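Shown next: coords22.txt, containing compact mmCIF, C-alpha atoms.
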# COMPACT_ATOMS: atom_id res chain seq x y z
CA MET A 1 -68.80 -100.46 167.65
CA THR A 2 -67.73 -97.85 165.13
CA HIS A 3 -67.09 -94.17 165.81
CA PRO A 4 -70.36 -92.34 164.97
CA ALA A 5 -68.66 -89.90 162.59
CA SER A 6 -67.18 -92.74 160.51
CA VAL A 7 -70.50 -94.19 159.27
CA ARG A 8 -73.92 -92.91 158.29
CA ILE A 9 -77.28 -94.60 157.75
CA ASP A 10 -79.29 -93.81 154.62
CA ILE A 11 -82.89 -95.08 154.46
CA ASP A 12 -84.67 -95.02 151.09
CA LEU A 13 -88.43 -95.19 151.67
CA SER A 14 -89.28 -95.96 148.03
CA LEU A 15 -86.82 -98.87 147.88
CA GLN A 16 -87.51 -100.01 151.50
CA ARG A 17 -83.74 -100.28 151.91
CA LEU A 18 -81.27 -99.18 154.59
CA ARG A 19 -77.68 -98.54 153.55
CA LEU A 20 -74.80 -98.20 155.99
CA GLU A 21 -72.11 -96.04 154.40
CA THR A 22 -68.75 -94.61 155.34
CA ALA A 23 -68.56 -90.84 155.82
CA GLY A 24 -67.21 -90.75 152.25
CA GLY A 25 -70.27 -92.57 150.87
CA GLU A 26 -68.76 -96.03 150.41
CA LEU A 27 -71.23 -98.89 151.00
CA VAL A 28 -70.52 -100.90 154.17
CA ALA A 29 -73.77 -102.92 154.32
CA SER A 30 -77.30 -102.90 152.89
CA TYR A 31 -80.45 -104.32 154.47
CA PRO A 32 -84.13 -104.63 153.51
CA VAL A 33 -86.48 -102.76 155.86
CA SER A 34 -90.18 -102.15 156.44
CA THR A 35 -91.24 -98.56 157.11
CA ALA A 36 -94.66 -97.03 157.81
CA LEU A 37 -97.82 -98.44 156.28
CA ASN A 38 -99.08 -94.82 156.33
CA GLY A 39 -96.10 -93.65 154.26
CA PRO A 40 -93.76 -90.74 154.96
CA GLY A 41 -94.71 -87.91 157.31
CA GLU A 42 -93.60 -86.10 160.42
CA SER A 43 -96.76 -85.20 162.37
CA ASP A 44 -97.41 -86.56 165.86
CA GLY A 45 -99.94 -89.39 165.77
CA SER A 46 -99.65 -89.85 162.00
CA GLY A 47 -98.19 -93.37 162.09
CA CYS A 48 -95.82 -92.19 159.34
CA THR A 49 -92.04 -92.54 159.00
CA PRO A 50 -90.37 -89.13 159.42
CA ARG A 51 -88.11 -87.86 156.65
CA GLY A 52 -85.00 -85.74 156.76
CA GLU A 53 -81.78 -85.65 158.73
CA HIS A 54 -81.66 -87.48 162.06
CA TYR A 55 -79.10 -89.05 164.37
CA VAL A 56 -79.02 -92.09 166.64
CA ARG A 57 -79.84 -90.70 170.08
CA ALA A 58 -79.61 -94.02 171.96
CA CYS A 59 -78.59 -97.63 171.31
CA ILE A 60 -80.62 -100.03 173.46
CA GLY A 61 -80.21 -103.77 173.95
CA ALA A 62 -76.46 -104.44 173.68
CA GLY A 63 -75.63 -108.04 174.54
CA LEU A 64 -79.22 -109.22 174.93
CA PRO A 65 -80.36 -112.44 173.21
CA VAL A 66 -81.80 -112.41 169.69
CA GLY A 67 -85.58 -112.01 169.95
CA THR A 68 -85.53 -110.10 173.25
CA VAL A 69 -88.92 -108.37 173.59
CA PHE A 70 -89.00 -104.66 174.49
CA ARG A 71 -91.87 -102.57 175.83
CA ALA A 72 -91.26 -98.87 176.46
CA ARG A 73 -87.58 -99.49 175.57
CA ARG A 74 -87.12 -101.98 178.40
CA PRO A 75 -86.59 -105.72 178.00
CA THR A 76 -89.65 -107.60 179.29
CA GLY A 77 -87.72 -110.79 180.07
CA GLU A 78 -89.51 -112.52 177.18
CA ILE A 79 -87.95 -113.98 174.04
CA TYR A 80 -90.17 -113.79 170.97
CA SER A 81 -91.74 -117.06 169.80
CA SER A 82 -94.75 -118.00 167.69
CA GLU A 83 -96.46 -119.15 170.91
CA LEU A 84 -95.89 -115.74 172.52
CA ALA A 85 -97.23 -114.09 169.35
CA ARG A 86 -100.42 -116.19 169.56
CA GLN A 87 -100.87 -115.12 173.20
CA HIS A 88 -100.50 -111.41 172.27
CA PRO A 89 -101.84 -111.03 168.70
CA ASP A 90 -102.15 -107.23 168.85
CA ARG A 91 -98.63 -106.35 170.04
CA ASP A 92 -96.38 -104.28 167.77
CA TRP A 93 -93.24 -106.34 168.38
CA ILE A 94 -90.01 -104.47 169.09
CA LEU A 95 -87.27 -107.08 169.24
CA SER A 96 -83.53 -107.63 169.72
CA ARG A 97 -82.14 -104.05 169.49
CA ILE A 98 -83.36 -100.44 169.32
CA LEU A 99 -81.70 -97.45 167.66
CA TRP A 100 -83.76 -94.48 168.93
CA LEU A 101 -83.75 -91.62 166.45
CA CYS A 102 -83.76 -87.86 167.00
CA GLY A 103 -84.48 -85.27 164.30
CA ARG A 104 -81.97 -82.55 163.41
CA GLN A 105 -84.30 -80.14 161.55
CA TRP A 106 -86.27 -77.76 163.77
CA GLY A 107 -89.89 -77.48 162.69
CA GLU A 108 -89.57 -80.41 160.27
CA ASN A 109 -88.62 -83.46 162.38
CA ARG A 110 -87.74 -81.78 165.67
CA GLY A 111 -89.88 -79.61 167.91
CA PRO A 112 -93.59 -79.30 168.71
CA GLY A 113 -95.91 -81.49 166.66
CA VAL A 114 -93.18 -83.14 164.56
CA ASP A 115 -90.54 -84.45 166.99
CA THR A 116 -89.07 -87.79 165.89
CA PHE A 117 -87.57 -88.46 169.34
CA ARG A 118 -90.82 -87.72 171.21
CA ARG A 119 -92.71 -89.84 168.68
CA PHE A 120 -90.50 -92.80 169.75
CA ILE A 121 -89.29 -93.53 166.22
CA TYR A 122 -86.76 -96.38 166.21
CA ILE A 123 -84.87 -98.67 163.93
CA HIS A 124 -85.64 -102.03 165.56
CA GLY A 125 -85.98 -105.77 165.10
CA THR A 126 -89.31 -107.38 164.23
CA PRO A 127 -90.51 -111.00 163.98
CA ASP A 128 -88.75 -112.78 161.12
CA SER A 129 -92.19 -113.80 159.84
CA GLU A 130 -92.91 -110.13 158.98
CA PRO A 131 -92.16 -109.21 155.36
CA MET A 132 -89.35 -106.82 154.50
CA GLY A 133 -89.48 -104.48 151.52
CA VAL A 134 -93.15 -103.73 152.26
CA PRO A 135 -94.29 -100.69 154.30
CA LEU A 136 -96.17 -102.14 157.31
CA SER A 137 -94.92 -100.42 160.48
CA HIS A 138 -96.56 -97.78 162.68
CA GLY A 139 -93.78 -95.29 161.81
CA CYS A 140 -90.59 -97.05 162.86
CA VAL A 141 -88.05 -98.72 160.59
CA ARG A 142 -88.34 -102.49 161.08
CA MET A 143 -85.49 -104.90 160.31
CA ARG A 144 -84.79 -108.61 160.50
CA ASN A 145 -83.33 -109.50 163.91
CA GLU A 146 -79.95 -110.64 162.58
CA ASP A 147 -79.75 -107.46 160.47
CA ILE A 148 -80.54 -105.04 163.32
CA ILE A 149 -77.94 -106.76 165.52
CA ASP A 150 -75.36 -106.45 162.72
CA LEU A 151 -76.22 -102.77 162.21
CA PHE A 152 -76.31 -102.09 165.97
CA ASP A 153 -72.79 -103.49 166.33
CA ARG A 154 -71.52 -101.09 163.63
CA VAL A 155 -72.96 -97.79 164.90
CA ALA A 156 -72.90 -95.65 168.03
CA PRO A 157 -74.95 -92.80 169.47
CA GLY A 158 -74.51 -89.74 167.29
CA ALA A 159 -74.40 -91.64 164.00
CA ALA A 160 -76.07 -89.67 161.19
CA VAL A 161 -79.34 -91.02 159.75
CA SER A 162 -80.94 -89.72 156.57
CA ILE A 163 -84.49 -90.81 155.72
CA ARG A 164 -85.74 -89.93 152.23

Encoded form using structure tokens:
Amino acid sequence: MTHPASVRIDIDLSLQRLRLETAGGELVASYPVSTALNGPGESDGSGCTPRGEHYVRACIGAGLPVGTVFRARRPTGEIYSSELARQHPDRDWILSRILWLCGRQWGENRGPGVDTFRRFIYIHGTPDSEPMGVPLSHGCVRMRNEDIIDLFDRVAPGAAVSIR
């Protein structure tokens, strides 16, 4: 785990790309992502990915197996498989790791009606069968399971996140 002040996450919605950078802006890693099908936006219930300055409020899932299934930020005891997916075709799969985001800008992505944290916006793993580079989520930032584990191992609570 890296000190939160030493790295920052930059998410480009138009490129569907997440960059992990040093505090000085040097590229550490780059990953394809999938953000909201409904596009960018901050309103409660919008299904949009919130823009602006955020930080990682909580890191959930350290040490759990790849494909661990989460519901309400708790591991269910299940490991994702195509058979499990067939049994639960309507689940929005949150897998492997969760970086729970919190907005920094009052009235824009923090506070009544627009609060990223209260909207449960995460960077999280998704089934590897889901396409990356295409906006398809319900507001969160989806990543390949190996990628979210790699990112998770490089950040800590407090790490800066910019979504633009």

- request: Would you kindly return, as a PyMOL selection string, each protein, DNA or RNA residue with an atom no farther than 12 Å from any atom of Arg118 (chain A), considering all atoms listed in the file and excluding same-chain residues fewer than 2 positions away?
  value: chain A and resi 42-45+50+57+100-103+109-116+120-122

message: What's around Gly41 (chain A) at 9 Å? Count only C-alpha atoms, leave out sequence neighbours fewer than 5 positions away in its own chain, and write the answer as a PyMOL selection string.
response: chain A and resi 46-51+114+139

Applying 6 Å and only C-alpha atoms, which residues near Ile79 (chain A) remain after dropping the ones on its own chain fewer than 6 positions away? List them as a CSV table (one decimal) with C-alpha atoms, in the coordinates of the input.
chain,number,residue,atom,x,y,z
A,67,GLY,CA,-85.6,-112.0,170.0
A,68,THR,CA,-85.5,-110.1,173.2
A,69,VAL,CA,-88.9,-108.4,173.6

task: Go ahead and compute the interatomic distance for CA of Met143 (chain A) and CA of Leu95 (chain A), in Å to one decimal.
output: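 Atom-to-atom, CA of Met143 (chain A) to CA of Leu95 (chain A), that is 9.4 Å.
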
- prompt: So which residues are close to (-94.8, -107.8, 156.2), meaning at most 12 Å away in the file's coordinates with all atoms listed in the file counted, and can you show them as a list in words?
  reply: Gln16, Pro32, Val33, Ser34, Thr35, Ala36, Leu37, Thr126, Pro127, Asp128, Ser129, Glu130, Pro131, Met132, Gly133, Val134, Pro135, Leu136, Ser137, Arg142, Met143 and Arg144 of chain A

message: Please compute the CA of Ala156 (chain A)-CA of Thr76 (chain A) distance, one decimal, in Å.
response: 23.5 Å

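Nearest residue to Leu99 (chain A) among A:Ser14, A:Pro75, A:Ala159, A:Ala29 is A:Ala159, counting all atoms listed in the file.
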
task: With only C-alpha atoms counted, which protein, DNA or RNA residues have an atom no more than 8 Å from (-84.4, -94.2, 155.8) in the file frame? Please answer as a list in words.
output: Ile9, Asp10, Ile11, Asp12, Leu13, Gln16, Arg17, Leu18, Arg51, Val141, Val161, Ser162, Ile163 and Arg164 of chain A

Any chance you can output those residues with C-alpha atoms as a CSV table (one decimal), keeping the file's coordinate frame?
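Generated file (out36.csv):
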chain,number,residue,atom,x,y,z
A,9,ILE,CA,-77.3,-94.6,157.8
A,10,ASP,CA,-79.3,-93.8,154.6
A,11,ILE,CA,-82.9,-95.1,154.5
A,12,ASP,CA,-84.7,-95.0,151.1
A,13,LEU,CA,-88.4,-95.2,151.7
A,16,GLN,CA,-87.5,-100.0,151.5
A,17,ARG,CA,-83.7,-100.3,151.9
A,18,LEU,CA,-81.3,-99.2,154.6
A,51,ARG,CA,-88.1,-87.9,156.6
A,141,VAL,CA,-88.0,-98.7,160.6
A,161,VAL,CA,-79.3,-91.0,159.8
A,162,SER,CA,-80.9,-89.7,156.6
A,163,ILE,CA,-84.5,-90.8,155.7
A,164,ARG,CA,-85.7,-89.9,152.2

message: Applying 9 Å and only C-alpha atoms, which residues near Arg8 (chain A) remain after dropping the ones on its own chain fewer than 2 positions away? List them as a PyMOL selection string.
response: chain A and resi 4-6+10+19-23+25+55+155+159-162

query: In Å, with one decimal, what is the gap from CA of Cys59 (chain A) to CA of Gly125 (chain A)?
result: 12.6 Å

task: Find, counting only C-alpha atoms, the residue in A:Ala85, A:His124, A:Pro40, A:Ala58 that gets nearest to Phe70 (chain A).
output: A:His124

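Shortest separation to Ile98 (chain A) among A:Gly24, A:Gly39, A:Gly52, A:Gly61 occurs at residue A:Gly61, atoms counted being all atoms listed in the file.
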
Output file request: region 90-106 of chain A, with all heavy atoms, as a PDB file, in the first residue's frame.
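Below you can see selection31.pdb, which holds the result:
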ATOM      1  N   ASP A  90     -30.019 -10.517 -12.845  1.00  0.00           N
ATOM      2  CA  ASP A  90     -30.266  -9.088 -12.691  1.00  0.00           C
ATOM      3  C   ASP A  90     -29.348  -8.397 -11.683  1.00  0.00           C
ATOM      4  O   ASP A  90     -29.492  -7.209 -11.431  1.00  0.00           O
ATOM      5  CB  ASP A  90     -31.729  -8.846 -12.290  1.00  0.00           C
ATOM      6  CG  ASP A  90     -32.680  -9.286 -13.390  1.00  0.00           C
ATOM      7  OD1 ASP A  90     -32.318  -9.176 -14.576  1.00  0.00           O
ATOM      8  OD2 ASP A  90     -33.779  -9.774 -13.052  1.00  0.00           O
ATOM      9  N   ARG A  91     -28.388  -9.123 -11.116  1.00  0.00           N
ATOM     10  CA  ARG A  91     -27.477  -8.505 -10.151  1.00  0.00           C
ATOM     11  C   ARG A  91     -26.496  -7.561 -10.846  1.00  0.00           C
ATOM     12  O   ARG A  91     -26.008  -7.851 -11.933  1.00  0.00           O
ATOM     13  CB  ARG A  91     -26.645  -9.571  -9.432  1.00  0.00           C
ATOM     14  CG  ARG A  91     -27.266 -10.098  -8.184  1.00  0.00           C
ATOM     15  CD  ARG A  91     -26.179 -10.719  -7.307  1.00  0.00           C
ATOM     16  NE  ARG A  91     -26.715 -11.705  -6.412  1.00  0.00           N
ATOM     17  CZ  ARG A  91     -25.980 -12.517  -5.659  1.00  0.00           C
ATOM     18  NH1 ARG A  91     -24.663 -12.481  -5.727  1.00  0.00           N
ATOM     19  NH2 ARG A  91     -26.544 -13.382  -4.858  1.00  0.00           N
ATOM     20  N   ASP A  92     -26.221  -6.436 -10.200  1.00  0.00           N
ATOM     21  CA  ASP A  92     -25.134  -5.548 -10.625  1.00  0.00           C
ATOM     22  C   ASP A  92     -23.913  -6.002  -9.824  1.00  0.00           C
ATOM     23  O   ASP A  92     -23.793  -5.695  -8.647  1.00  0.00           O
ATOM     24  CB  ASP A  92     -25.484  -4.086 -10.319  1.00  0.00           C
ATOM     25  CG  ASP A  92     -24.398  -3.132 -10.755  1.00  0.00           C
ATOM     26  OD1 ASP A  92     -23.599  -3.486 -11.646  1.00  0.00           O
ATOM     27  OD2 ASP A  92     -24.336  -2.017 -10.204  1.00  0.00           O
ATOM     28  N   TRP A  93     -23.046  -6.768 -10.445  1.00  0.00           N
ATOM     29  CA  TRP A  93     -21.955  -7.446  -9.757  1.00  0.00           C
ATOM     30  C   TRP A  93     -20.881  -6.480  -9.279  1.00  0.00           C
ATOM     31  O   TRP A  93     -20.321  -5.719 -10.066  1.00  0.00           O
ATOM     32  CB  TRP A  93     -21.340  -8.511 -10.660  1.00  0.00           C
ATOM     33  CG  TRP A  93     -22.330  -9.563 -11.020  1.00  0.00           C
ATOM     34  CD1 TRP A  93     -23.044  -9.650 -12.179  1.00  0.00           C
ATOM     35  CD2 TRP A  93     -22.754 -10.663 -10.207  1.00  0.00           C
ATOM     36  NE1 TRP A  93     -23.885 -10.739 -12.136  1.00  0.00           N
ATOM     37  CE2 TRP A  93     -23.720 -11.379 -10.949  1.00  0.00           C
ATOM     38  CE3 TRP A  93     -22.408 -11.110  -8.937  1.00  0.00           C
ATOM     39  CZ2 TRP A  93     -24.347 -12.518 -10.444  1.00  0.00           C
ATOM     40  CZ3 TRP A  93     -23.026 -12.245  -8.442  1.00  0.00           C
ATOM     41  CH2 TRP A  93     -23.982 -12.933  -9.194  1.00  0.00           C
ATOM     42  N   ILE A  94     -20.596  -6.524  -7.986  1.00  0.00           N
ATOM     43  CA  ILE A  94     -19.494  -5.781  -7.379  1.00  0.00           C
ATOM     44  C   ILE A  94     -18.547  -6.843  -6.843  1.00  0.00           C
ATOM     45  O   ILE A  94     -18.890  -7.587  -5.926  1.00  0.00           O
ATOM     46  CB  ILE A  94     -20.016  -4.840  -6.274  1.00  0.00           C
ATOM     47  CG1 ILE A  94     -20.945  -3.809  -6.915  1.00  0.00           C
ATOM     48  CG2 ILE A  94     -18.856  -4.169  -5.541  1.00  0.00           C
ATOM     49  CD1 ILE A  94     -21.674  -2.925  -5.933  1.00  0.00           C
ATOM     50  N   LEU A  95     -17.369  -6.904  -7.467  1.00  0.00           N
ATOM     51  CA  LEU A  95     -16.455  -8.025  -7.235  1.00  0.00           C
ATOM     52  C   LEU A  95     -15.057  -7.578  -6.783  1.00  0.00           C
ATOM     53  O   LEU A  95     -14.604  -6.481  -7.114  1.00  0.00           O
ATOM     54  CB  LEU A  95     -16.290  -8.837  -8.526  1.00  0.00           C
ATOM     55  CG  LEU A  95     -17.554  -9.340  -9.221  1.00  0.00           C
ATOM     56  CD1 LEU A  95     -17.190 -10.069 -10.511  1.00  0.00           C
ATOM     57  CD2 LEU A  95     -18.368 -10.237  -8.296  1.00  0.00           C
ATOM     58  N   SER A  96     -14.395  -8.467  -6.084  1.00  0.00           N
ATOM     59  CA  SER A  96     -12.968  -8.453  -5.746  1.00  0.00           C
ATOM     60  C   SER A  96     -12.541  -7.370  -4.754  1.00  0.00           C
ATOM     61  O   SER A  96     -11.987  -7.689  -3.707  1.00  0.00           O
ATOM     62  CB  SER A  96     -12.095  -8.380  -6.999  1.00  0.00           C
ATOM     63  OG  SER A  96     -12.314  -9.517  -7.803  1.00  0.00           O
ATOM     64  N   ARG A  97     -12.725  -6.083  -5.078  1.00  0.00           N
ATOM     65  CA  ARG A  97     -12.318  -4.980  -4.206  1.00  0.00           C
ATOM     66  C   ARG A  97     -13.244  -3.788  -4.439  1.00  0.00           C
ATOM     67  O   ARG A  97     -13.809  -3.626  -5.523  1.00  0.00           O
ATOM     68  CB  ARG A  97     -10.884  -4.500  -4.485  1.00  0.00           C
ATOM     69  CG  ARG A  97      -9.799  -5.545  -4.382  1.00  0.00           C
ATOM     70  CD  ARG A  97      -9.549  -5.969  -2.936  1.00  0.00           C
ATOM     71  NE  ARG A  97      -8.433  -6.900  -2.857  1.00  0.00           N
ATOM     72  CZ  ARG A  97      -8.513  -8.215  -3.022  1.00  0.00           C
ATOM     73  NH1 ARG A  97      -9.675  -8.794  -3.320  1.00  0.00           N
ATOM     74  NH2 ARG A  97      -7.442  -8.983  -2.898  1.00  0.00           N
ATOM     75  N   ILE A  98     -13.341  -2.934  -3.412  1.00  0.00           N
ATOM     76  CA  ILE A  98     -14.131  -1.703  -3.490  1.00  0.00           C
ATOM     77  C   ILE A  98     -13.292  -0.544  -2.978  1.00  0.00           C
ATOM     78  O   ILE A  98     -12.737  -0.618  -1.873  1.00  0.00           O
ATOM     79  CB  ILE A  98     -15.417  -1.799  -2.629  1.00  0.00           C
ATOM     80  CG1 ILE A  98     -16.340  -2.925  -3.121  1.00  0.00           C
ATOM     81  CG2 ILE A  98     -16.146  -0.463  -2.601  1.00  0.00           C
ATOM     82  CD1 ILE A  98     -17.497  -3.229  -2.174  1.00  0.00           C
ATOM     83  N   LEU A  99     -13.218   0.519  -3.770  1.00  0.00           N
ATOM     84  CA  LEU A  99     -12.701   1.810  -3.309  1.00  0.00           C
ATOM     85  C   LEU A  99     -13.920   2.729  -3.263  1.00  0.00           C
ATOM     86  O   LEU A  99     -14.471   3.100  -4.301  1.00  0.00           O
ATOM     87  CB  LEU A  99     -11.639   2.355  -4.273  1.00  0.00           C
ATOM     88  CG  LEU A  99     -10.395   1.492  -4.466  1.00  0.00           C
ATOM     89  CD1 LEU A  99      -9.483   2.105  -5.519  1.00  0.00           C
ATOM     90  CD2 LEU A  99      -9.652   1.290  -3.152  1.00  0.00           C
ATOM     91  N   TRP A 100     -14.373   3.061  -2.048  1.00  0.00           N
ATOM     92  CA  TRP A 100     -15.582   3.866  -1.856  1.00  0.00           C
ATOM     93  C   TRP A 100     -15.196   5.334  -1.881  1.00  0.00           C
ATOM     94  O   TRP A 100     -14.339   5.772  -1.106  1.00  0.00           O
ATOM     95  CB  TRP A 100     -16.218   3.483  -0.526  1.00  0.00           C
ATOM     96  CG  TRP A 100     -17.601   3.974  -0.265  1.00  0.00           C
ATOM     97  CD1 TRP A 100     -18.365   4.811  -1.027  1.00  0.00           C
ATOM     98  CD2 TRP A 100     -18.398   3.645   0.877  1.00  0.00           C
ATOM     99  NE1 TRP A 100     -19.583   5.021  -0.444  1.00  0.00           N
ATOM    100  CE2 TRP A 100     -19.634   4.322   0.728  1.00  0.00           C
ATOM    101  CE3 TRP A 100     -18.189   2.860   2.001  1.00  0.00           C
ATOM    102  CZ2 TRP A 100     -20.652   4.222   1.679  1.00  0.00           C
ATOM    103  CZ3 TRP A 100     -19.193   2.760   2.933  1.00  0.00           C
ATOM    104  CH2 TRP A 100     -20.417   3.426   2.773  1.00  0.00           C
ATOM    105  N   LEU A 101     -15.821   6.085  -2.778  1.00  0.00           N
ATOM    106  CA  LEU A 101     -15.440   7.474  -3.001  1.00  0.00           C
ATOM    107  C   LEU A 101     -16.295   8.459  -2.209  1.00  0.00           C
ATOM    108  O   LEU A 101     -17.463   8.206  -1.940  1.00  0.00           O
ATOM    109  CB  LEU A 101     -15.544   7.816  -4.494  1.00  0.00           C
ATOM    110  CG  LEU A 101     -14.721   6.945  -5.434  1.00  0.00           C
ATOM    111  CD1 LEU A 101     -14.889   7.433  -6.873  1.00  0.00           C
ATOM    112  CD2 LEU A 101     -13.251   6.925  -5.034  1.00  0.00           C
ATOM    113  N   CYS A 102     -15.681   9.594  -1.887  1.00  0.00           N
ATOM    114  CA  CYS A 102     -16.355  10.686  -1.196  1.00  0.00           C
ATOM    115  C   CYS A 102     -15.994  11.983  -1.918  1.00  0.00           C
ATOM    116  O   CYS A 102     -14.822  12.224  -2.224  1.00  0.00           O
ATOM    117  CB  CYS A 102     -15.882  10.743   0.255  1.00  0.00           C
ATOM    118  SG  CYS A 102     -16.790  11.935   1.266  1.00  0.00           S
ATOM    119  N   GLY A 103     -17.001  12.805  -2.197  1.00  0.00           N
ATOM    120  CA  GLY A 103     -16.772  14.081  -2.868  1.00  0.00           C
ATOM    121  C   GLY A 103     -16.097  15.092  -1.957  1.00  0.00           C
ATOM    122  O   GLY A 103     -16.232  15.040  -0.738  1.00  0.00           O
ATOM    123  N   ARG A 104     -15.390  16.034  -2.566  1.00  0.00           N
ATOM    124  CA  ARG A 104     -14.708  17.106  -1.835  1.00  0.00           C
ATOM    125  C   ARG A 104     -15.373  18.472  -2.049  1.00  0.00           C
ATOM    126  O   ARG A 104     -15.013  19.434  -1.399  1.00  0.00           O
ATOM    127  CB  ARG A 104     -13.259  17.231  -2.302  1.00  0.00           C
ATOM    128  CG  ARG A 104     -12.353  16.102  -1.924  1.00  0.00           C
ATOM    129  CD  ARG A 104     -10.912  16.462  -2.297  1.00  0.00           C
ATOM    130  NE  ARG A 104      -9.979  15.374  -2.096  1.00  0.00           N
ATOM    131  CZ  ARG A 104      -9.350  15.127  -0.958  1.00  0.00           C
ATOM    132  NH1 ARG A 104      -9.547  15.884   0.103  1.00  0.00           N
ATOM    133  NH2 ARG A 104      -8.508  14.112  -0.873  1.00  0.00           N
ATOM    134  N   GLN A 105     -16.318  18.576  -2.993  1.00  0.00           N
ATOM    135  CA  GLN A 105     -16.846  19.874  -3.394  1.00  0.00           C
ATOM    136  C   GLN A 105     -18.294  20.041  -2.936  1.00  0.00           C
ATOM    137  O   GLN A 105     -19.209  19.483  -3.540  1.00  0.00           O
ATOM    138  CB  GLN A 105     -16.722  20.025  -4.912  1.00  0.00           C
ATOM    139  CG  GLN A 105     -15.266  19.978  -5.367  1.00  0.00           C
ATOM    140  CD  GLN A 105     -15.163  19.717  -6.853  1.00  0.00           C
ATOM    141  OE1 GLN A 105     -15.434  18.602  -7.313  1.00  0.00           O
ATOM    142  NE2 GLN A 105     -14.782  20.741  -7.602  1.00  0.00           N
ATOM    143  N   TRP A 106     -18.479  20.824  -1.866  1.00  0.00           N
ATOM    144  CA  TRP A 106     -19.797  21.022  -1.286  1.00  0.00           C
ATOM    145  C   TRP A 106     -20.748  21.599  -2.335  1.00  0.00           C
ATOM    146  O   TRP A 106     -20.406  22.528  -3.053  1.00  0.00           O
ATOM    147  CB  TRP A 106     -19.730  21.937  -0.070  1.00  0.00           C
ATOM    148  CG  TRP A 106     -21.055  22.011   0.609  1.00  0.00           C
ATOM    149  CD1 TRP A 106     -21.984  22.987   0.484  1.00  0.00           C
ATOM    150  CD2 TRP A 106     -21.618  21.034   1.475  1.00  0.00           C
ATOM    151  NE1 TRP A 106     -23.110  22.678   1.225  1.00  0.00           N
ATOM    152  CE2 TRP A 106     -22.900  21.486   1.848  1.00  0.00           C
ATOM    153  CE3 TRP A 106     -21.169  19.810   1.977  1.00  0.00           C
ATOM    154  CZ2 TRP A 106     -23.741  20.775   2.699  1.00  0.00           C
ATOM    155  CZ3 TRP A 106     -21.997  19.098   2.821  1.00  0.00           C
ATOM    156  CH2 TRP A 106     -23.267  19.575   3.184  1.00  0.00           C
TER     157      TRP A 106
END
